[in-house]
Amino acid sequence: MAEPPPPPPAKRGSNGRLLHKTLAATATLANLLPTGTVLAFQALLPSFSNGGDCQITNKYLTASLIVFCADLCFLSSFTDSFTDCNGKLYYGIATFKGLYIFNCNGEERERAKDLARYKISCVDFVHAFMSLFVFLIFTLSDSEVQGCLFPGAGVDENVLVMNLPLGAGVLSSFLFVLFPTTRRGIGYADLTPGER
């Protein structure tokens with residue numbers, strides 16, 4: 001008995017392209033959302049805040065940790081990376097004139113491809129402020145931060161703060177998809193030589 005012929009391959013129509021674009025846009029959220037900063041903050045917070053039972057020094061330590069991580073979160077939105085034609089991976093921070101590369105000497109910087117196209121744009125500021133917004137919402141909704149910095153918060157404030165992270169995550173994800181970026185950030189090594 002002869003086997004039936006295999007079915008024809010599915011054509012990649014407009015639905016396939018739409019799905020591909022949607023998945024590509026949502027995959028960049030891990031790079032745009034402040035997941036690494038939140039993880040570092042959560043790791044350091046228990047010792048800085050004394051488990052939410054703060055003395056005056058713990059309040060200063062907790063506040064300084066929030067400020068440090070918030071600055072880091074904001075500035076990380078301006079970092080970028082690329083590979084040259086030889087496969088060397090470069091990291092840098094965007095400026096108004098172009099990309100300032102960290103891991104190269106002056107001669108390599110002169111040979112590097114056009115770095116002016118990596119300059120800061122308005123979209124970078126949208127991403128930086130939204131990332132900072134999400135970080136601060138998650139930070140202030142933490143029970144140890146509330147116990148340390150806002151011990152007199154009432155039930156209404158606690159309910160509001162408990163529901164804010166979900167709304168902030170949805171809003172920022174929506175804005176990140178509406179305003180996509182080509183920034184790769186530091187540590188995003190999924191690049192092929194000469195890409196971008």
# chains A, B, ... in the order shown; residues from 1 in each chain; ligands from 1
call {"tool": "closest_atom_pairs", "arguments": {"of": "segment 42-134 of chain A", "to": "segment 180-185 of chain A", "cutoff": "10 Å", "atoms": "only C-alpha atoms", "output": "Markdown table"}}
result
| residue | atom | partner | partner_atom | distance |
| --- | --- | --- | --- | --- |
| A:Ser76 | CA | A:Gly185 | CA | 6.9 |
| A:Ser77 | CA | A:Gly185 | CA | 7.1 |
| A:Phe78 | CA | A:Gly185 | CA | 7.3 |
| A:Thr79 | CA | A:Gly185 | CA | 4.6 |
| A:Asp80 | CA | A:Gly185 | CA | 4.1 |
| A:Ser81 | CA | A:Arg184 | CA | 5.7 |
| A:Phe82 | CA | A:Arg184 | CA | 7.8 |
| A:Tyr91 | CA | A:Gly185 | CA | 7.9 |
| A:Gly92 | CA | A:Gly185 | CA | 8.3 |
| A:Ile93 | CA | A:Gly185 | CA | 8.5 |
| A:Ala94 | CA | A:Arg183 | CA | 9.3 |
| A:Tyr118 | CA | A:Arg183 | CA | 8.3 |
| A:Ser121 | CA | A:Thr181 | CA | 9.8 |
| A:Val123 | CA | A:Thr181 | CA | 7.1 |
| A:Asp124 | CA | A:Thr181 | CA | 7.5 |
| A:His127 | CA | A:Thr181 | CA | 8.4 |
call {"tool": "residues_around", "arguments": {"residues": "Leu39 of chain A", "least_positions_apart": "2", "cutoff": "12 Å", "atoms": "only C-alpha atoms", "output": "number ranges by chain"}}
result
A: 33-37, 41-45, 69, 73, 135, 138-139
call {"tool": "write_last_selection", "arguments": {"atoms": "N, CA and C atoms", "output": "PDB file, in the first residue's frame"}}
result
ATOM      1  N   LEU A  33      12.565  45.882  30.029  1.00  0.00           N
ATOM      2  CA  LEU A  33      12.072  45.955  31.403  1.00  0.00           C
ATOM      3  C   LEU A  33      13.241  45.815  32.383  1.00  0.00           C
ATOM      4  N   PRO A  34      13.141  46.438  33.532  1.00  0.00           N
ATOM      5  CA  PRO A  34      14.279  46.458  34.476  1.00  0.00           C
ATOM      6  C   PRO A  34      14.405  45.188  35.302  1.00  0.00           C
ATOM      7  N   THR A  35      14.418  44.041  34.664  1.00  0.00           N
ATOM      8  CA  THR A  35      14.450  42.779  35.401  1.00  0.00           C
ATOM      9  C   THR A  35      15.754  42.603  36.176  1.00  0.00           C
ATOM     10  N   GLY A  36      16.883  42.923  35.565  1.00  0.00           N
ATOM     11  CA  GLY A  36      18.164  42.767  36.259  1.00  0.00           C
ATOM     12  C   GLY A  36      18.297  43.711  37.438  1.00  0.00           C
ATOM     13  N   THR A  37      17.833  44.941  37.275  1.00  0.00           N
ATOM     14  CA  THR A  37      17.914  45.915  38.365  1.00  0.00           C
ATOM     15  C   THR A  37      17.001  45.506  39.512  1.00  0.00           C
ATOM     16  N   PHE A  41      18.183  44.615  43.272  1.00  0.00           N
ATOM     17  CA  PHE A  41      17.553  45.323  44.385  1.00  0.00           C
ATOM     18  C   PHE A  41      16.959  44.349  45.394  1.00  0.00           C
ATOM     19  N   GLN A  42      16.249  43.326  44.902  1.00  0.00           N
ATOM     20  CA  GLN A  42      15.630  42.343  45.792  1.00  0.00           C
ATOM     21  C   GLN A  42      16.671  41.531  46.554  1.00  0.00           C
ATOM     22  N   ALA A  43      17.834  41.331  45.950  1.00  0.00           N
ATOM     23  CA  ALA A  43      18.889  40.576  46.629  1.00  0.00           C
ATOM     24  C   ALA A  43      19.521  41.387  47.760  1.00  0.00           C
ATOM     25  N   LEU A  44      19.658  42.706  47.565  1.00  0.00           N
ATOM     26  CA  LEU A  44      20.313  43.547  48.569  1.00  0.00           C
ATOM     27  C   LEU A  44      19.360  44.115  49.619  1.00  0.00           C
ATOM     28  N   LEU A  45      18.095  44.214  49.294  1.00  0.00           N
ATOM     29  CA  LEU A  45      17.134  44.874  50.175  1.00  0.00           C
ATOM     30  C   LEU A  45      17.020  44.275  51.576  1.00  0.00           C
ATOM     31  N   CYS A  69      19.955  52.088  42.385  1.00  0.00           N
ATOM     32  CA  CYS A  69      19.360  51.168  41.408  1.00  0.00           C
ATOM     33  C   CYS A  69      18.506  51.922  40.388  1.00  0.00           C
ATOM     34  N   CYS A  73      19.110  51.786  36.478  1.00  0.00           N
ATOM     35  CA  CYS A  73      17.999  51.404  35.609  1.00  0.00           C
ATOM     36  C   CYS A  73      17.823  52.424  34.489  1.00  0.00           C
ATOM     37  N   PHE A 135      10.469  50.268  37.596  1.00  0.00           N
ATOM     38  CA  PHE A 135      11.335  49.928  38.722  1.00  0.00           C
ATOM     39  C   PHE A 135      10.842  50.563  40.013  1.00  0.00           C
ATOM     40  N   PHE A 138       7.679  48.800  41.336  1.00  0.00           N
ATOM     41  CA  PHE A 138       7.987  47.527  41.985  1.00  0.00           C
ATOM     42  C   PHE A 138       8.734  47.738  43.298  1.00  0.00           C
ATOM     43  N   THR A 139       9.577  48.737  43.342  1.00  0.00           N
ATOM     44  CA  THR A 139      10.326  49.022  44.563  1.00  0.00           C
ATOM     45  C   THR A 139       9.399  49.469  45.685  1.00  0.00           C
TER      46      THR A 139
END
call {"tool": "select_by_dssp", "arguments": {"residues": "segment 10-184 of chain A", "states": "strand (DSSP E)", "output": "ChimeraX atom specification"}}
result
/A:79-83,89-94,99-101
call {"tool": "select_by_dssp", "arguments": {"residues": "segment 72-113 of chain A", "states": "alpha helix (DSSP H)", "output": "list in words"}}
result
Leu72, Cys73, Phe74, Leu75, Ser76, Gly106, Glu107, Glu108, Arg109, Glu110 and Arg111 of chain A
call {"tool": "write_last_selection", "arguments": {"atoms": "N, CA, C and O atoms", "output": "compact mmCIF listing (two decimals), in the first residue's frame"}}
result
# COMPACT_ATOMS: atom_id res chain seq x y z
N LEU A 72 20.91 53.38 37.89
CA LEU A 72 21.40 52.29 37.05
C LEU A 72 20.34 51.86 36.03
O LEU A 72 20.64 51.64 34.86
N CYS A 73 19.11 51.79 36.48
CA CYS A 73 18.00 51.40 35.61
C CYS A 73 17.82 52.42 34.49
O CYS A 73 17.65 52.07 33.32
N PHE A 74 17.88 53.71 34.82
CA PHE A 74 17.71 54.77 33.83
C PHE A 74 18.85 54.76 32.81
O PHE A 74 18.62 54.80 31.60
N LEU A 75 20.08 54.69 33.30
CA LEU A 75 21.24 54.75 32.41
C LEU A 75 21.38 53.52 31.53
O LEU A 75 21.91 53.59 30.42
N SER A 76 20.91 52.38 32.00
CA SER A 76 21.05 51.15 31.20
C SER A 76 20.20 51.20 29.93
O SER A 76 20.46 50.46 28.98
N GLY A 106 41.84 53.67 21.42
CA GLY A 106 41.60 54.76 20.50
C GLY A 106 41.70 54.35 19.04
O GLY A 106 40.93 54.80 18.20
N GLU A 107 42.64 53.46 18.73
CA GLU A 107 42.81 53.01 17.34
C GLU A 107 41.60 52.21 16.88
O GLU A 107 41.11 52.39 15.76
N GLU A 108 41.11 51.33 17.74
CA GLU A 108 39.92 50.55 17.39
C GLU A 108 38.70 51.46 17.25
O GLU A 108 37.85 51.23 16.40
N ARG A 109 38.63 52.49 18.07
CA ARG A 109 37.51 53.43 17.99
C ARG A 109 37.52 54.15 16.64
O ARG A 109 36.47 54.40 16.07
N GLU A 110 38.70 54.47 16.14
CA GLU A 110 38.79 55.14 14.84
C GLU A 110 38.38 54.21 13.71
O GLU A 110 37.78 54.64 12.73
N ARG A 111 38.69 52.90 13.84
CA ARG A 111 38.35 51.94 12.79
C ARG A 111 36.90 51.48 12.87
O ARG A 111 36.39 50.86 11.95
call {"tool": "residues_around", "arguments": {"residues": "segment 46-53 of chain A", "least_positions_apart": "4", "cutoff": "9 Å", "atoms": "only C-alpha atoms", "output": "PyMOL selection string"}}
result
chain A and resi 42+57-62+65+143-149
call {"tool": "write_last_selection", "arguments": {"atoms": "all heavy atoms", "output": "CSV table (one decimal), in the first residue's frame"}}
result
chain,number,residue,atom,x,y,z
A,42,GLN,N,16.2,43.3,44.9
A,42,GLN,CA,15.6,42.3,45.8
A,42,GLN,C,16.7,41.5,46.6
A,42,GLN,O,16.4,41.1,47.7
A,42,GLN,CB,14.7,41.4,45.0
A,42,GLN,CG,13.5,42.1,44.4
A,42,GLN,CD,12.5,42.5,45.5
A,42,GLN,OE1,12.5,41.9,46.6
A,42,GLN,NE2,11.8,43.5,45.2
A,57,THR,N,19.5,54.4,60.3
A,57,THR,CA,20.6,54.1,59.3
A,57,THR,C,20.0,53.1,58.2
A,57,THR,O,20.4,53.3,57.1
A,57,THR,CB,21.8,53.4,60.0
A,57,THR,OG1,21.3,52.3,60.8
A,57,THR,CG2,22.5,54.4,60.9
A,58,ASN,N,19.1,52.2,58.6
A,58,ASN,CA,18.5,51.4,57.6
A,58,ASN,C,17.7,52.2,56.6
A,58,ASN,O,17.6,51.8,55.4
A,58,ASN,CB,17.7,50.3,58.3
A,58,ASN,CG,18.5,49.3,59.1
A,58,ASN,OD1,18.3,49.4,60.3
A,58,ASN,ND2,19.3,48.5,58.5
A,59,LYS,N,17.0,53.2,57.1
A,59,LYS,CA,16.2,54.0,56.2
A,59,LYS,C,17.1,54.7,55.2
A,59,LYS,O,16.8,54.8,54.0
A,59,LYS,CB,15.4,55.1,57.0
A,59,LYS,CG,14.3,54.5,57.8
A,59,LYS,CD,13.5,55.6,58.5
A,59,LYS,CE,12.4,54.9,59.3
A,59,LYS,NZ,11.4,55.8,59.8
A,60,TYR,N,18.3,55.3,55.7
A,60,TYR,CA,19.2,55.9,54.7
A,60,TYR,C,19.8,54.9,53.7
A,60,TYR,O,20.0,55.2,52.6
A,60,TYR,CB,20.3,56.6,55.5
A,60,TYR,CG,19.8,57.9,56.1
A,60,TYR,CD1,20.0,58.1,57.5
A,60,TYR,CD2,19.3,58.9,55.3
A,60,TYR,CE1,19.6,59.3,58.1
A,60,TYR,CE2,18.9,60.1,55.9
A,60,TYR,CZ,19.0,60.3,57.3
A,60,TYR,OH,18.6,61.5,57.8
A,61,LEU,N,20.1,53.7,54.2
A,61,LEU,CA,20.7,52.7,53.4
A,61,LEU,C,19.7,52.2,52.3
A,61,LEU,O,20.0,52.1,51.1
A,61,LEU,CB,21.1,51.5,54.2
A,61,LEU,CG,22.4,51.6,55.0
A,61,LEU,CD1,22.7,50.4,55.9
A,61,LEU,CD2,23.6,51.8,54.0
A,62,THR,N,18.4,52.0,52.7
A,62,THR,CA,17.4,51.6,51.8
A,62,THR,C,17.1,52.7,50.8
A,62,THR,O,17.0,52.4,49.6
A,62,THR,CB,16.1,51.3,52.6
A,62,THR,OG1,16.3,50.3,53.5
A,62,THR,CG2,15.0,50.8,51.6
A,65,LEU,N,20.0,52.8,48.3
A,65,LEU,CA,19.9,51.6,47.4
A,65,LEU,C,18.9,51.9,46.3
A,65,LEU,O,19.1,51.6,45.2
A,65,LEU,CB,19.5,50.4,48.2
A,65,LEU,CG,19.4,49.1,47.4
A,65,LEU,CD1,20.7,48.7,46.7
A,65,LEU,CD2,18.8,48.0,48.3
A,143,SER,N,7.0,45.0,50.4
A,143,SER,CA,6.6,45.1,51.8
A,143,SER,C,7.7,45.6,52.7
A,143,SER,O,7.4,46.3,53.7
A,143,SER,CB,6.0,43.8,52.3
A,143,SER,OG,7.0,42.8,52.3
A,144,GLU,N,8.9,45.2,52.4
A,144,GLU,CA,10.0,45.7,53.3
A,144,GLU,C,10.3,47.2,53.1
A,144,GLU,O,10.6,47.9,54.1
A,144,GLU,CB,11.3,44.9,53.0
A,144,GLU,CG,11.2,43.4,53.4
A,144,GLU,CD,12.5,42.7,53.2
A,144,GLU,OE1,13.5,43.3,53.0
A,144,GLU,OE2,12.4,41.4,53.2
A,145,VAL,N,10.2,47.7,51.9
A,145,VAL,CA,10.3,49.1,51.7
A,145,VAL,C,9.2,49.9,52.3
A,145,VAL,O,9.4,50.9,53.0
A,145,VAL,CB,10.4,49.4,50.2
A,145,VAL,CG1,10.3,50.9,49.9
A,145,VAL,CG2,11.6,48.8,49.5
A,146,GLN,N,8.0,49.4,52.2
A,146,GLN,CA,6.8,50.0,52.9
A,146,GLN,C,7.0,50.0,54.4
A,146,GLN,O,6.7,51.0,55.0
A,146,GLN,CB,5.5,49.3,52.5
A,146,GLN,CG,5.1,49.5,51.1
A,146,GLN,CD,3.8,48.8,50.8
A,146,GLN,OE1,3.2,48.3,51.6
A,146,GLN,NE2,3.5,48.7,49.5
A,147,GLY,N,7.4,48.9,54.9
A,147,GLY,CA,7.6,48.8,56.4
A,147,GLY,C,8.7,49.7,56.9
A,147,GLY,O,8.7,50.3,58.0
A,148,CYS,N,9.7,49.9,56.0
A,148,CYS,CA,10.9,50.7,56.4
A,148,CYS,C,10.6,52.2,56.2
A,148,CYS,O,10.9,53.1,57.1
A,148,CYS,CB,12.1,50.3,55.6
A,148,CYS,SG,13.6,51.1,56.1
A,149,LEU,N,10.2,52.6,55.0
A,149,LEU,CA,10.1,54.0,54.6
A,149,LEU,C,8.7,54.6,54.9
A,149,LEU,O,8.5,55.8,55.1
A,149,LEU,CB,10.5,54.2,53.2
A,149,LEU,CG,11.9,53.8,52.8
A,149,LEU,CD1,12.1,54.1,51.3
A,149,LEU,CD2,12.9,54.6,53.6
call {"tool": "residues_around", "arguments": {"residues": "Gly98 of chain A", "least_positions_apart": "2", "cutoff": "6 Å", "atoms": "only C-alpha atoms", "output": "PyMOL selection string"}}
result
chain A and resi 94-96+115-116+118-119
call {"tool": "atom_distance", "arguments": {"atom1": "atom CA of Ala70 of chain A", "atom2": "atom CA of Leu132 of chain A"}}
result
6.2 Å
call {"tool": "residues_around", "arguments": {"residues": "Phe179 of chain A", "least_positions_apart": "3", "cutoff": "10 Å", "atoms": "only C-alpha atoms", "output": "ChimeraX atom specification"}}
result
/A:25,122-124,126-127,173-176
call {"tool": "atom_distance", "arguments": {"atom1": "atom CA of Ile186 of chain A", "atom2": "atom CA of Leu136 of chain A"}}
result
21.5 Å
call {"tool": "atom_distance", "arguments": {"atom1": "atom CA of Ser131 of chain A", "atom2": "atom CA of Ile56 of chain A"}}
result
29.0 Å
call {"tool": "decode", "arguments": {"residues": "segment 103-142 of chain A", "atoms": "N, CA and C atoms", "output": "PDB file, in the first residue's frame"}}
result
ATOM      1  N   ASN A 103      34.953  49.098  25.614  1.00  0.00           N
ATOM      2  CA  ASN A 103      35.970  48.047  25.551  1.00  0.00           C
ATOM      3  C   ASN A 103      36.806  48.106  24.273  1.00  0.00           C
ATOM      4  N   CYS A 104      37.406  49.265  24.003  1.00  0.00           N
ATOM      5  CA  CYS A 104      38.335  49.362  22.880  1.00  0.00           C
ATOM      6  C   CYS A 104      39.315  50.497  23.130  1.00  0.00           C
ATOM      7  N   ASN A 105      40.414  50.464  22.408  1.00  0.00           N
ATOM      8  CA  ASN A 105      41.379  51.549  22.528  1.00  0.00           C
ATOM      9  C   ASN A 105      41.081  52.600  21.454  1.00  0.00           C
ATOM     10  N   GLY A 106      41.844  53.667  21.424  1.00  0.00           N
ATOM     11  CA  GLY A 106      41.601  54.761  20.497  1.00  0.00           C
ATOM     12  C   GLY A 106      41.697  54.350  19.039  1.00  0.00           C
ATOM     13  N   GLU A 107      42.640  53.459  18.729  1.00  0.00           N
ATOM     14  CA  GLU A 107      42.812  53.012  17.341  1.00  0.00           C
ATOM     15  C   GLU A 107      41.601  52.210  16.878  1.00  0.00           C
ATOM     16  N   GLU A 108      41.108  51.325  17.742  1.00  0.00           N
ATOM     17  CA  GLU A 108      39.915  50.546  17.394  1.00  0.00           C
ATOM     18  C   GLU A 108      38.701  51.464  17.250  1.00  0.00           C
ATOM     19  N   ARG A 109      38.631  52.486  18.074  1.00  0.00           N
ATOM     20  CA  ARG A 109      37.512  53.426  17.992  1.00  0.00           C
ATOM     21  C   ARG A 109      37.518  54.147  16.645  1.00  0.00           C
ATOM     22  N   GLU A 110      38.702  54.475  16.144  1.00  0.00           N
ATOM     23  CA  GLU A 110      38.793  55.140  14.844  1.00  0.00           C
ATOM     24  C   GLU A 110      38.376  54.207  13.709  1.00  0.00           C
ATOM     25  N   ARG A 111      38.690  52.903  13.838  1.00  0.00           N
ATOM     26  CA  ARG A 111      38.345  51.943  12.794  1.00  0.00           C
ATOM     27  C   ARG A 111      36.899  51.475  12.873  1.00  0.00           C
ATOM     28  N   ALA A 112      36.258  51.724  14.002  1.00  0.00           N
ATOM     29  CA  ALA A 112      34.889  51.233  14.196  1.00  0.00           C
ATOM     30  C   ALA A 112      33.960  51.846  13.156  1.00  0.00           C
ATOM     31  N   LYS A 113      32.892  51.108  12.889  1.00  0.00           N
ATOM     32  CA  LYS A 113      31.954  51.608  11.889  1.00  0.00           C
ATOM     33  C   LYS A 113      31.254  52.865  12.389  1.00  0.00           C
ATOM     34  N   ASP A 114      30.448  53.444  11.571  1.00  0.00           N
ATOM     35  CA  ASP A 114      29.798  54.717  11.847  1.00  0.00           C
ATOM     36  C   ASP A 114      29.067  54.665  13.185  1.00  0.00           C
ATOM     37  N   LEU A 115      29.634  55.321  14.198  1.00  0.00           N
ATOM     38  CA  LEU A 115      29.045  55.309  15.534  1.00  0.00           C
ATOM     39  C   LEU A 115      28.010  56.407  15.726  1.00  0.00           C
ATOM     40  N   ALA A 116      27.930  57.348  14.787  1.00  0.00           N
ATOM     41  CA  ALA A 116      26.965  58.443  14.907  1.00  0.00           C
ATOM     42  C   ALA A 116      25.528  57.945  14.780  1.00  0.00           C
ATOM     43  N   ARG A 117      25.333  56.816  14.125  1.00  0.00           N
ATOM     44  CA  ARG A 117      23.963  56.320  13.976  1.00  0.00           C
ATOM     45  C   ARG A 117      23.410  55.723  15.272  1.00  0.00           C
ATOM     46  N   TYR A 118      24.249  55.572  16.282  1.00  0.00           N
ATOM     47  CA  TYR A 118      23.814  55.056  17.579  1.00  0.00           C
ATOM     48  C   TYR A 118      23.459  56.175  18.559  1.00  0.00           C
ATOM     49  N   LYS A 119      23.405  57.426  18.103  1.00  0.00           N
ATOM     50  CA  LYS A 119      23.192  58.541  19.022  1.00  0.00           C
ATOM     51  C   LYS A 119      21.813  58.468  19.678  1.00  0.00           C
ATOM     52  N   ILE A 120      21.679  59.195  20.773  1.00  0.00           N
ATOM     53  CA  ILE A 120      20.456  59.186  21.567  1.00  0.00           C
ATOM     54  C   ILE A 120      19.296  59.754  20.752  1.00  0.00           C
ATOM     55  N   SER A 121      18.141  59.116  20.892  1.00  0.00           N
ATOM     56  CA  SER A 121      16.923  59.595  20.247  1.00  0.00           C
ATOM     57  C   SER A 121      15.830  59.771  21.304  1.00  0.00           C
ATOM     58  N   CYS A 122      14.713  60.320  20.893  1.00  0.00           N
ATOM     59  CA  CYS A 122      13.586  60.529  21.817  1.00  0.00           C
ATOM     60  C   CYS A 122      13.043  59.204  22.350  1.00  0.00           C
ATOM     61  N   VAL A 123      13.088  58.162  21.514  1.00  0.00           N
ATOM     62  CA  VAL A 123      12.596  56.847  21.938  1.00  0.00           C
ATOM     63  C   VAL A 123      13.412  56.324  23.113  1.00  0.00           C
ATOM     64  N   ASP A 124      14.712  56.633  23.147  1.00  0.00           N
ATOM     65  CA  ASP A 124      15.547  56.202  24.264  1.00  0.00           C
ATOM     66  C   ASP A 124      15.053  56.800  25.581  1.00  0.00           C
ATOM     67  N   PHE A 125      14.630  58.052  25.539  1.00  0.00           N
ATOM     68  CA  PHE A 125      14.119  58.685  26.749  1.00  0.00           C
ATOM     69  C   PHE A 125      12.773  58.102  27.164  1.00  0.00           C
ATOM     70  N   VAL A 126      11.935  57.746  26.196  1.00  0.00           N
ATOM     71  CA  VAL A 126      10.667  57.076  26.524  1.00  0.00           C
ATOM     72  C   VAL A 126      10.955  55.767  27.239  1.00  0.00           C
ATOM     73  N   HIS A 127      11.885  54.993  26.714  1.00  0.00           N
ATOM     74  CA  HIS A 127      12.225  53.705  27.333  1.00  0.00           C
ATOM     75  C   HIS A 127      12.872  53.900  28.699  1.00  0.00           C
ATOM     76  N   ALA A 128      13.737  54.892  28.817  1.00  0.00           N
ATOM     77  CA  ALA A 128      14.418  55.126  30.098  1.00  0.00           C
ATOM     78  C   ALA A 128      13.418  55.509  31.181  1.00  0.00           C
ATOM     79  N   PHE A 129      12.500  56.423  30.862  1.00  0.00           N
ATOM     80  CA  PHE A 129      11.536  56.853  31.874  1.00  0.00           C
ATOM     81  C   PHE A 129      10.520  55.766  32.198  1.00  0.00           C
ATOM     82  N   MET A 130      10.122  54.977  31.196  1.00  0.00           N
ATOM     83  CA  MET A 130       9.189  53.887  31.485  1.00  0.00           C
ATOM     84  C   MET A 130       9.864  52.789  32.307  1.00  0.00           C
ATOM     85  N   SER A 131      11.110  52.504  31.999  1.00  0.00           N
ATOM     86  CA  SER A 131      11.849  51.512  32.774  1.00  0.00           C
ATOM     87  C   SER A 131      12.023  51.989  34.219  1.00  0.00           C
ATOM     88  N   LEU A 132      12.340  53.262  34.376  1.00  0.00           N
ATOM     89  CA  LEU A 132      12.470  53.839  35.718  1.00  0.00           C
ATOM     90  C   LEU A 132      11.134  53.803  36.454  1.00  0.00           C
ATOM     91  N   PHE A 133      10.054  54.123  35.757  1.00  0.00           N
ATOM     92  CA  PHE A 133       8.718  54.091  36.337  1.00  0.00           C
ATOM     93  C   PHE A 133       8.373  52.692  36.847  1.00  0.00           C
ATOM     94  N   VAL A 134       8.617  51.686  36.018  1.00  0.00           N
ATOM     95  CA  VAL A 134       8.322  50.308  36.427  1.00  0.00           C
ATOM     96  C   VAL A 134       9.180  49.906  37.620  1.00  0.00           C
ATOM     97  N   PHE A 135      10.469  50.268  37.596  1.00  0.00           N
ATOM     98  CA  PHE A 135      11.335  49.928  38.722  1.00  0.00           C
ATOM     99  C   PHE A 135      10.842  50.563  40.013  1.00  0.00           C
ATOM    100  N   LEU A 136      10.483  51.839  39.965  1.00  0.00           N
ATOM    101  CA  LEU A 136      10.029  52.522  41.178  1.00  0.00           C
ATOM    102  C   LEU A 136       8.708  51.954  41.687  1.00  0.00           C
ATOM    103  N   ILE A 137       7.821  51.570  40.774  1.00  0.00           N
ATOM    104  CA  ILE A 137       6.557  50.956  41.203  1.00  0.00           C
ATOM    105  C   ILE A 137       6.825  49.639  41.921  1.00  0.00           C
ATOM    106  N   PHE A 138       7.679  48.800  41.336  1.00  0.00           N
ATOM    107  CA  PHE A 138       7.987  47.527  41.985  1.00  0.00           C
ATOM    108  C   PHE A 138       8.734  47.738  43.298  1.00  0.00           C
ATOM    109  N   THR A 139       9.577  48.737  43.342  1.00  0.00           N
ATOM    110  CA  THR A 139      10.326  49.022  44.563  1.00  0.00           C
ATOM    111  C   THR A 139       9.399  49.469  45.685  1.00  0.00           C
ATOM    112  N   LEU A 140       8.544  50.425  45.392  1.00  0.00           N
ATOM    113  CA  LEU A 140       7.681  50.984  46.432  1.00  0.00           C
ATOM    114  C   LEU A 140       6.555  50.044  46.829  1.00  0.00           C
ATOM    115  N   SER A 141       6.285  49.021  46.009  1.00  0.00           N
ATOM    116  CA  SER A 141       5.255  48.053  46.394  1.00  0.00           C
ATOM    117  C   SER A 141       5.815  46.907  47.237  1.00  0.00           C
ATOM    118  N   ASP A 142       7.120  46.884  47.435  1.00  0.00           N
ATOM    119  CA  ASP A 142       7.735  45.846  48.259  1.00  0.00           C
ATOM    120  C   ASP A 142       7.369  46.063  49.730  1.00  0.00           C
TER     121      ASP A 142
END
